[in-house]
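Everything below belongs to structure_2.cif, which stores mmCIF, C-alpha atoms.
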```cif
data_target
#
loop_
_atom_site.label_atom_id
_atom_site.label_comp_id
_atom_site.auth_asym_id
_atom_site.auth_seq_id
_atom_site.Cartn_x
_atom_site.Cartn_y
_atom_site.Cartn_z
CA MET V 1 -26.07 10.60 -6.70
CA THR V 2 -25.91 11.47 -2.99
CA THR V 3 -22.66 12.49 -1.34
CA GLU V 4 -22.66 9.17 0.54
CA GLY V 5 -23.19 7.24 -2.71
CA SER V 6 -20.39 9.16 -4.40
CA LEU V 7 -18.00 8.35 -1.56
CA THR V 8 -18.98 4.67 -1.70
CA LEU V 9 -18.32 4.58 -5.45
CA GLU V 10 -14.97 6.30 -4.99
CA ARG V 11 -13.94 3.85 -2.28
CA GLY V 12 -15.08 0.89 -4.38
CA LEU V 13 -12.96 2.08 -7.30
CA ALA V 14 -10.01 2.69 -4.96
CA LEU V 15 -10.40 -0.84 -3.62
CA LEU V 16 -10.46 -2.33 -7.13
CA GLN V 17 -7.32 -0.37 -7.98
CA ALA V 18 -5.61 -1.58 -4.81
CA VAL V 19 -6.39 -5.20 -5.70
CA ALA V 20 -4.97 -4.63 -9.18
CA ASP V 21 -1.84 -2.94 -7.82
CA ALA V 22 -1.06 -6.05 -5.78
CA GLY V 23 0.00 -7.69 -9.06
CA GLY V 24 0.60 -11.42 -8.91
CA GLU V 25 0.42 -11.48 -5.12
CA ALA V 26 -3.12 -11.56 -3.69
CA ALA V 27 -3.78 -8.72 -1.25
CA THR V 28 -5.13 -9.43 2.22
CA ILE V 29 -8.13 -7.68 3.72
CA SER V 30 -5.84 -5.87 6.17
CA GLU V 31 -3.52 -4.70 3.38
CA LEU V 32 -6.46 -3.40 1.37
CA ALA V 33 -7.83 -1.57 4.40
CA ASP V 34 -4.48 0.12 4.96
CA SER V 35 -4.14 0.91 1.26
CA ILE V 36 -7.38 2.85 0.92
CA GLY V 37 -7.66 4.09 4.50
CA ALA V 38 -10.78 2.16 5.44
CA SER V 39 -11.76 -0.30 8.15
CA ARG V 40 -11.78 -4.04 7.58
CA ALA V 41 -15.57 -3.99 7.97
CA ALA V 42 -15.81 -1.38 5.19
CA ILE V 43 -13.62 -3.54 2.94
CA TYR V 44 -15.94 -6.52 3.42
CA ARG V 45 -18.95 -4.35 2.54
CA LEU V 46 -17.27 -2.98 -0.60
CA LEU V 47 -16.17 -6.43 -1.74
CA GLY V 48 -19.77 -7.62 -1.90
CA PRO V 49 -20.89 -5.83 -5.09
CA LEU V 50 -17.44 -6.18 -6.70
CA SER V 51 -17.52 -9.94 -6.13
CA ALA V 52 -21.10 -10.18 -7.41
CA ARG V 53 -19.97 -8.67 -10.72
CA GLY V 54 -16.94 -10.93 -10.95
CA LEU V 55 -14.47 -8.04 -10.68
CA VAL V 56 -12.75 -9.58 -7.64
CA ARG V 57 -12.70 -12.99 -6.02
CA ARG V 58 -11.95 -13.92 -2.43
CA ASP V 59 -9.78 -16.80 -1.30
CA GLY V 60 -10.15 -16.74 2.46
CA SER V 61 -8.69 -13.45 3.64
CA LYS V 62 -6.99 -12.79 0.29
CA VAL V 63 -8.45 -10.95 -2.69
CA ARG V 64 -7.56 -11.19 -6.39
CA LEU V 65 -8.94 -9.70 -9.56
CA GLY V 66 -11.80 -11.69 -11.06
CA VAL V 67 -12.54 -12.72 -14.63
CA GLY V 68 -15.06 -9.90 -14.87
CA VAL V 69 -12.10 -7.57 -15.38
CA LEU V 70 -11.14 -9.58 -18.47
CA ARG V 71 -14.63 -9.14 -19.88
CA LEU V 72 -14.34 -5.39 -19.40
CA ALA V 73 -10.89 -5.39 -21.02
CA GLU V 74 -12.26 -7.22 -24.07
CA ARG V 75 -14.72 -4.37 -24.55
CA VAL V 76 -12.08 -1.67 -24.05
CA MET V 77 -9.82 -2.75 -26.91
CA PRO V 78 -12.30 -2.19 -29.77
CA GLN V 79 -13.12 1.25 -28.35
CA LEU V 80 -9.42 2.07 -28.02
CA ARG V 81 -8.85 0.94 -31.61
CA ALA V 82 -11.76 3.04 -32.88
CA ALA V 83 -10.41 6.12 -31.10
CA ALA V 84 -6.87 5.59 -32.37
CA CYS V 85 -7.49 4.83 -36.04
CA PRO V 86 -8.38 8.37 -37.22
CA VAL V 87 -5.27 9.74 -35.50
CA LEU V 88 -3.10 6.99 -37.00
CA ARG V 89 -4.66 7.51 -40.44
CA GLU V 90 -3.64 11.16 -40.48
CA LEU V 91 -0.15 10.30 -39.24
CA ALA V 92 0.36 7.53 -41.82
CA GLU V 93 -0.61 9.84 -44.68
CA GLN V 94 1.53 12.70 -43.35
CA VAL V 95 4.75 10.70 -43.15
CA ALA V 96 4.02 8.01 -45.80
CA ALA V 97 4.74 5.18 -43.35
CA THR V 98 2.77 2.56 -41.44
CA ALA V 99 1.45 4.01 -38.17
CA HIS V 100 0.58 1.97 -35.10
CA LEU V 101 -0.51 2.14 -31.48
CA SER V 102 1.21 -0.31 -29.14
CA VAL V 103 0.03 -1.07 -25.59
CA VAL V 104 1.86 -2.78 -22.72
CA ASP V 105 0.40 -6.15 -21.72
CA GLY V 106 2.46 -7.72 -18.95
CA ASP V 107 6.05 -7.96 -20.15
CA GLU V 108 5.08 -7.59 -23.80
CA LEU V 109 4.03 -4.78 -26.09
CA GLU V 110 1.05 -5.50 -28.32
CA SER V 111 0.14 -3.63 -31.49
CA VAL V 112 -3.57 -2.89 -31.06
CA ALA V 113 -4.20 -0.56 -34.02
CA VAL V 114 -2.38 -0.26 -37.36
CA VAL V 115 -2.98 2.03 -40.34
CA GLU V 116 -1.01 1.70 -43.57
CA PRO V 117 -0.48 4.72 -45.87
CA SER V 118 -2.45 4.91 -49.11
CA SER V 119 0.05 7.06 -51.03
CA THR V 120 3.02 4.68 -51.18
CA THR V 121 3.89 2.00 -53.71
CA ALA V 122 5.50 -0.10 -50.97
CA HIS V 123 5.27 0.01 -47.20
CA VAL V 124 5.69 -2.18 -44.13
CA ALA V 125 2.87 -4.60 -43.34
CA TYR V 126 2.41 -4.64 -39.57
CA ARG V 127 -0.28 -6.87 -38.09
CA VAL V 128 -2.67 -5.98 -35.32
CA GLY V 129 -1.85 -8.33 -32.45
CA SER V 130 1.90 -8.39 -33.16
CA ARG V 131 3.85 -8.71 -29.92
CA GLN V 132 7.40 -7.96 -28.86
CA PRO V 133 9.28 -7.64 -25.54
CA VAL V 134 8.49 -4.36 -23.80
CA GLY V 135 12.03 -3.03 -24.07
CA SER V 136 12.59 -3.72 -27.78
CA GLY V 137 12.01 -1.63 -30.88
CA ALA V 138 11.18 2.05 -31.04
CA ALA V 139 7.69 1.41 -29.64
CA GLY V 140 9.12 -0.17 -26.49
CA MET V 141 12.07 2.19 -26.12
CA ALA V 142 9.71 5.18 -26.25
CA LEU V 143 8.15 4.07 -22.97
CA ARG V 144 11.42 4.83 -21.19
CA LEU V 145 11.59 8.43 -22.40
CA ARG V 146 11.27 11.01 -19.65
CA PRO V 147 9.23 14.21 -19.95
CA GLY V 148 11.25 17.26 -20.85
CA GLY V 149 13.72 15.56 -23.17
CA ARG V 150 13.46 14.66 -26.82
CA GLY V 151 9.96 13.39 -27.37
CA TRP V 152 10.70 10.45 -29.65
CA VAL V 153 13.10 7.57 -30.20
CA VAL V 154 14.39 5.96 -33.40
CA ALA V 155 15.41 2.31 -33.84
CA GLY V 156 16.53 0.43 -36.91
CA GLY V 157 15.74 -3.18 -37.76
CA GLU V 158 15.00 -4.44 -34.24
CA VAL V 159 11.50 -5.71 -34.97
CA GLN V 160 11.74 -6.22 -38.75
CA ARG V 161 15.03 -6.34 -40.63
CA GLY V 162 15.57 -3.50 -43.09
CA THR V 163 13.03 -1.20 -41.46
CA THR V 164 13.24 1.94 -39.33
CA GLY V 165 10.88 2.69 -36.48
CA LEU V 166 10.18 5.95 -34.68
CA ALA V 167 7.85 6.21 -31.69
CA ALA V 168 6.66 8.55 -28.94
CA PRO V 169 4.98 7.68 -25.63
CA VAL V 170 1.31 8.32 -24.94
CA ARG V 171 1.30 10.29 -21.69
CA GLY V 172 -1.41 11.37 -19.30
CA VAL V 173 -3.97 8.57 -19.74
CA SER V 174 -4.50 6.86 -16.39
CA GLY V 175 -3.78 3.13 -16.45
CA LEU V 176 -2.46 3.13 -20.02
CA ARG V 177 1.18 2.48 -20.97
CA ALA V 178 1.37 2.89 -24.72
CA SER V 179 3.24 4.48 -27.59
CA VAL V 180 2.40 5.77 -31.04
CA GLY V 181 4.90 4.93 -33.74
CA VAL V 182 5.62 4.64 -37.43
CA ILE V 183 7.64 2.00 -39.24
CA ALA V 184 9.08 2.41 -42.72
CA LEU V 185 11.19 0.65 -45.31
CA GLY V 186 14.59 2.30 -45.16
CA PRO V 187 15.46 5.43 -43.19
CA LEU V 188 13.16 8.09 -41.75
CA ASP V 189 13.92 11.79 -41.33
CA PRO V 190 13.60 12.10 -37.54
CA GLU V 191 13.52 15.91 -37.54
CA ARG V 192 10.51 15.86 -39.85
CA VAL V 193 8.75 12.72 -38.66
CA GLY V 194 9.49 12.95 -34.91
CA PRO V 195 7.39 16.05 -34.16
CA ARG V 196 4.46 14.61 -36.13
CA VAL V 197 4.55 11.39 -34.12
CA VAL V 198 4.73 13.34 -30.87
CA GLU V 199 1.77 15.44 -32.00
CA ALA V 200 -0.21 12.29 -32.85
CA ALA V 201 0.51 10.84 -29.40
CA ALA V 202 -0.66 14.08 -27.76
CA THR V 203 -3.82 14.11 -29.88
CA LEU V 204 -4.59 10.54 -28.87
CA THR V 205 -4.14 11.49 -25.21
CA GLU V 206 -6.79 14.19 -25.60
CA VAL V 207 -9.15 11.77 -27.39
CA LEU V 208 -8.83 9.16 -24.64
CA ARG V 209 -9.18 11.44 -21.64
#
```
Since I need it in another form, could you write the structure as structure tokens?
Amino acid sequence: MTTEGSLTLERGLALLQAVADAGGEAATISELADSIGASRAAIYRLLGPLSARGLVRRDGSKVRLGVGVLRLAERVMPQLRAAACPVLRELAEQVAATAHLSVVDGDELESVAVVEPSSTTAHVAYRVGSRQPVGSGAAGMALRLRPGGRGWVVAGGEVQRGTTGLAAPVRGVSGLRASVGVIALGPLDPERVGPRVVEAAATLTEVLR
């Protein structure tokens, strides 16, 4: 790829990110130009191929994400699940508890990958696709943890009565807000389980980068 082509690709990606960052409010051409440091004419040129692929749609002078982004997202989830399952399998067997990866989707947290331990006589059944408010349960609370402090959080019975959850955030993957967690019947030993969950989250970060 030529230097000019590389710059065009970089600007196109920056433009798509700027449209996404506008959230529920459609961004105007002028706002997008200011956001990525380009002229209005350059924005119009960049919007052409993005619109053709359905990644953005124009409504007059305003720009929103297009349904093409949803098609891409549908293809991301199976790949994310495939990458996570080996890490979760090892974690589930290590701590003898159900391991899961949960990803933020709007104001909810969705469980996108779950692995149950094979060595237990009884364990928590946790379904892929289960949703909960972002702030609830260990999986949601872990997202609020700041770097440098304790790397995990424990919560009891918030998602399922009689269970204990422990989770750690997945850090360092651009565009992904997620946590790795385990859920067990009864109590967990946080000093034993916590570091293993943190290690699993770090391993997943390396896999996804």
Can you list, as a ChimeraX atom specification, the residues that the PyMOL selection byres ((chain V and resi 86) around 12) selects here? /V:80-85,87-93,99-101,113-116,200,203-204,207
Contact table stretch 35-153 of chain V vs stretch 168-182 of chain V, cut-off 8 Å, shortest pair per residue, only C-alpha atoms, as CSV:
```
residue,atom,partner,partner_atom,distance
V:Ala92,CA,V:Val182,CA,7.4
V:Ala97,CA,V:Val182,CA,6.0
V:Thr98,CA,V:Val182,CA,5.3
V:Ala99,CA,V:Val182,CA,4.3
V:His100,CA,V:Gly181,CA,5.4
V:Leu101,CA,V:Val180,CA,4.7
V:Ser102,CA,V:Ser179,CA,5.4
V:Val103,CA,V:Ala178,CA,4.3
V:Val104,CA,V:Arg177,CA,5.6
V:Ala138,CA,V:Gly181,CA,7.4
V:Ala139,CA,V:Ser179,CA,5.8
V:Gly140,CA,V:Ser179,CA,7.6
V:Ala142,CA,V:Ala168,CA,5.3
V:Leu143,CA,V:Pro169,CA,5.5
V:Leu145,CA,V:Pro169,CA,7.4
V:Gly151,CA,V:Ala168,CA,6.1
V:Trp152,CA,V:Ala168,CA,4.5
V:Val153,CA,V:Ala168,CA,6.6
```
In Å, how far is it from atom CA of V:Gly37 to atom CA of V:Arg71?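 Separating atom CA of V:Gly37 from atom CA of V:Arg71 is a distance of 28.6 Å.
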Out of V:Leu55, V:Gly162, V:Gly186, V:Gly66, which residue has the shortest atom-to-atom distance to V:Leu13 when counting all atoms listed in the file? V:Leu55
Which is closest to V:Ile43 among V:Ala26, V:Ala201, V:Val19, V:Ala155, if we use all atoms listed in the file? V:Val19
My list of candidates is V:Val69, V:Val56, V:Leu16, V:Val128. Which is closest to V:Val112 when distances are computed with all atoms listed in the file?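 Closest to V:Val112, using all atoms listed in the file: V:Val128.
Between atom CA of V:Ile183 and atom CA of V:Gly165 the interatomic distance comes to 4.3 Å.
One distance worth recording is that between atom CA of V:Lys62 and atom CA of V:Ala38, which is 16.3 Å.
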So, with all atoms listed in the file as the atoms that count, which of V:Thr121, V:Gly156, V:Gln94, V:Glu110 lies closest to V:Val134? V:Glu110
Selected residue of minimal separation from V:Ala22 among V:Arg40, V:Arg64, V:Arg131, V:Arg53, counting all atoms listed in the file: V:Arg64
Please evaluate the PyMOL selection byres ((chain V and resi 29) around 8) against the displayed coordinates and give the resulting residues as an mmCIF file with C-alpha atoms, in the frame of the given file.
```
data_model
loop_
_atom_site.group_PDB
_atom_site.id
_atom_site.type_symbol
_atom_site.label_atom_id
_atom_site.label_comp_id
_atom_site.auth_asym_id
_atom_site.auth_seq_id
_atom_site.Cartn_x
_atom_site.Cartn_y
_atom_site.Cartn_z
ATOM 1 C CA ALA V 27 -3.780 -8.720 -1.250
ATOM 2 C CA THR V 28 -5.130 -9.430 2.220
ATOM 3 C CA SER V 30 -5.840 -5.870 6.170
ATOM 4 C CA GLU V 31 -3.520 -4.700 3.380
ATOM 5 C CA LEU V 32 -6.460 -3.400 1.370
ATOM 6 C CA ALA V 33 -7.830 -1.570 4.400
ATOM 7 C CA ARG V 40 -11.780 -4.040 7.580
ATOM 8 C CA ILE V 43 -13.620 -3.540 2.940
ATOM 9 C CA TYR V 44 -15.940 -6.520 3.420
ATOM 10 C CA SER V 61 -8.690 -13.450 3.640
ATOM 11 C CA LYS V 62 -6.990 -12.790 0.290
ATOM 12 C CA VAL V 63 -8.450 -10.950 -2.690
#
```
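Once V:Ala42 and its same-chain neighbours fewer than 6 positions away are set aside, Thr8, Arg11, Gly12 and Ala33 of chain V remain within 10 Å of it when counting only C-alpha atoms.
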Would you mind exporting the chosen residues as a tab-separated table (two decimals), in the coordinates of the input, restricted to C-alpha atoms?
```tsv
chain	number	residue	atom	x	y	z
V	8	THR	CA	-18.98	4.67	-1.70
V	11	ARG	CA	-13.94	3.85	-2.28
V	12	GLY	CA	-15.08	0.89	-4.38
V	33	ALA	CA	-7.83	-1.57	4.40
```
Need to verify the contact set: V:Glu191, 12 Å, only C-alpha atoms, exclusion of same-chain residues closer than 4 positions in sequence. Can you return it as a ChimeraX atom specification? /V:95,150-154,166,195-198
Model the absent atoms of stretch 39-55 of chain V so that N, CA and C atoms are present, and write the result as a tab-separated table (two decimals), in the frame of the given file.
```tsv
chain	number	residue	atom	x	y	z
V	39	SER	N	-11.76	0.79	7.18
V	39	SER	CA	-11.76	-0.30	8.15
V	39	SER	C	-11.93	-1.63	7.44
V	40	ARG	N	-11.59	-2.71	8.14
V	40	ARG	CA	-11.78	-4.04	7.58
V	40	ARG	C	-13.26	-4.29	7.29
V	41	ALA	N	-14.13	-3.80	8.17
V	41	ALA	CA	-15.57	-3.99	7.97
V	41	ALA	C	-16.02	-3.30	6.67
V	42	ALA	N	-15.46	-2.11	6.42
V	42	ALA	CA	-15.81	-1.38	5.19
V	42	ALA	C	-15.33	-2.14	3.95
V	43	ILE	N	-14.15	-2.76	4.07
V	43	ILE	CA	-13.62	-3.54	2.94
V	43	ILE	C	-14.55	-4.70	2.62
V	44	TYR	N	-15.01	-5.40	3.65
V	44	TYR	CA	-15.94	-6.52	3.42
V	44	TYR	C	-17.22	-6.05	2.74
V	45	ARG	N	-17.72	-4.87	3.15
V	45	ARG	CA	-18.95	-4.35	2.54
V	45	ARG	C	-18.71	-4.00	1.07
V	46	LEU	N	-17.57	-3.39	0.77
V	46	LEU	CA	-17.27	-2.98	-0.60
V	46	LEU	C	-17.01	-4.17	-1.51
V	47	LEU	N	-16.46	-5.24	-0.93
V	47	LEU	CA	-16.17	-6.43	-1.74
V	47	LEU	C	-17.42	-7.12	-2.24
V	48	GLY	N	-18.54	-6.95	-1.51
V	48	GLY	CA	-19.77	-7.62	-1.90
V	48	GLY	C	-20.19	-7.36	-3.35
V	49	PRO	N	-20.47	-6.10	-3.72
V	49	PRO	CA	-20.89	-5.83	-5.09
V	49	PRO	C	-19.80	-6.09	-6.12
V	50	LEU	N	-18.53	-5.89	-5.76
V	50	LEU	CA	-17.44	-6.18	-6.70
V	50	LEU	C	-17.36	-7.67	-6.99
V	51	SER	N	-17.53	-8.48	-5.95
V	51	SER	CA	-17.52	-9.94	-6.13
V	51	SER	C	-18.72	-10.40	-6.95
V	52	ALA	N	-19.88	-9.79	-6.70
V	52	ALA	CA	-21.10	-10.18	-7.41
V	52	ALA	C	-20.97	-9.95	-8.91
V	53	ARG	N	-20.17	-8.97	-9.30
V	53	ARG	CA	-19.97	-8.67	-10.72
V	53	ARG	C	-18.73	-9.35	-11.30
V	54	GLY	N	-18.09	-10.18	-10.48
V	54	GLY	CA	-16.94	-10.93	-10.95
V	54	GLY	C	-15.68	-10.11	-11.10
V	55	LEU	N	-15.65	-8.90	-10.53
V	55	LEU	CA	-14.47	-8.04	-10.68
V	55	LEU	C	-13.36	-8.44	-9.71
```
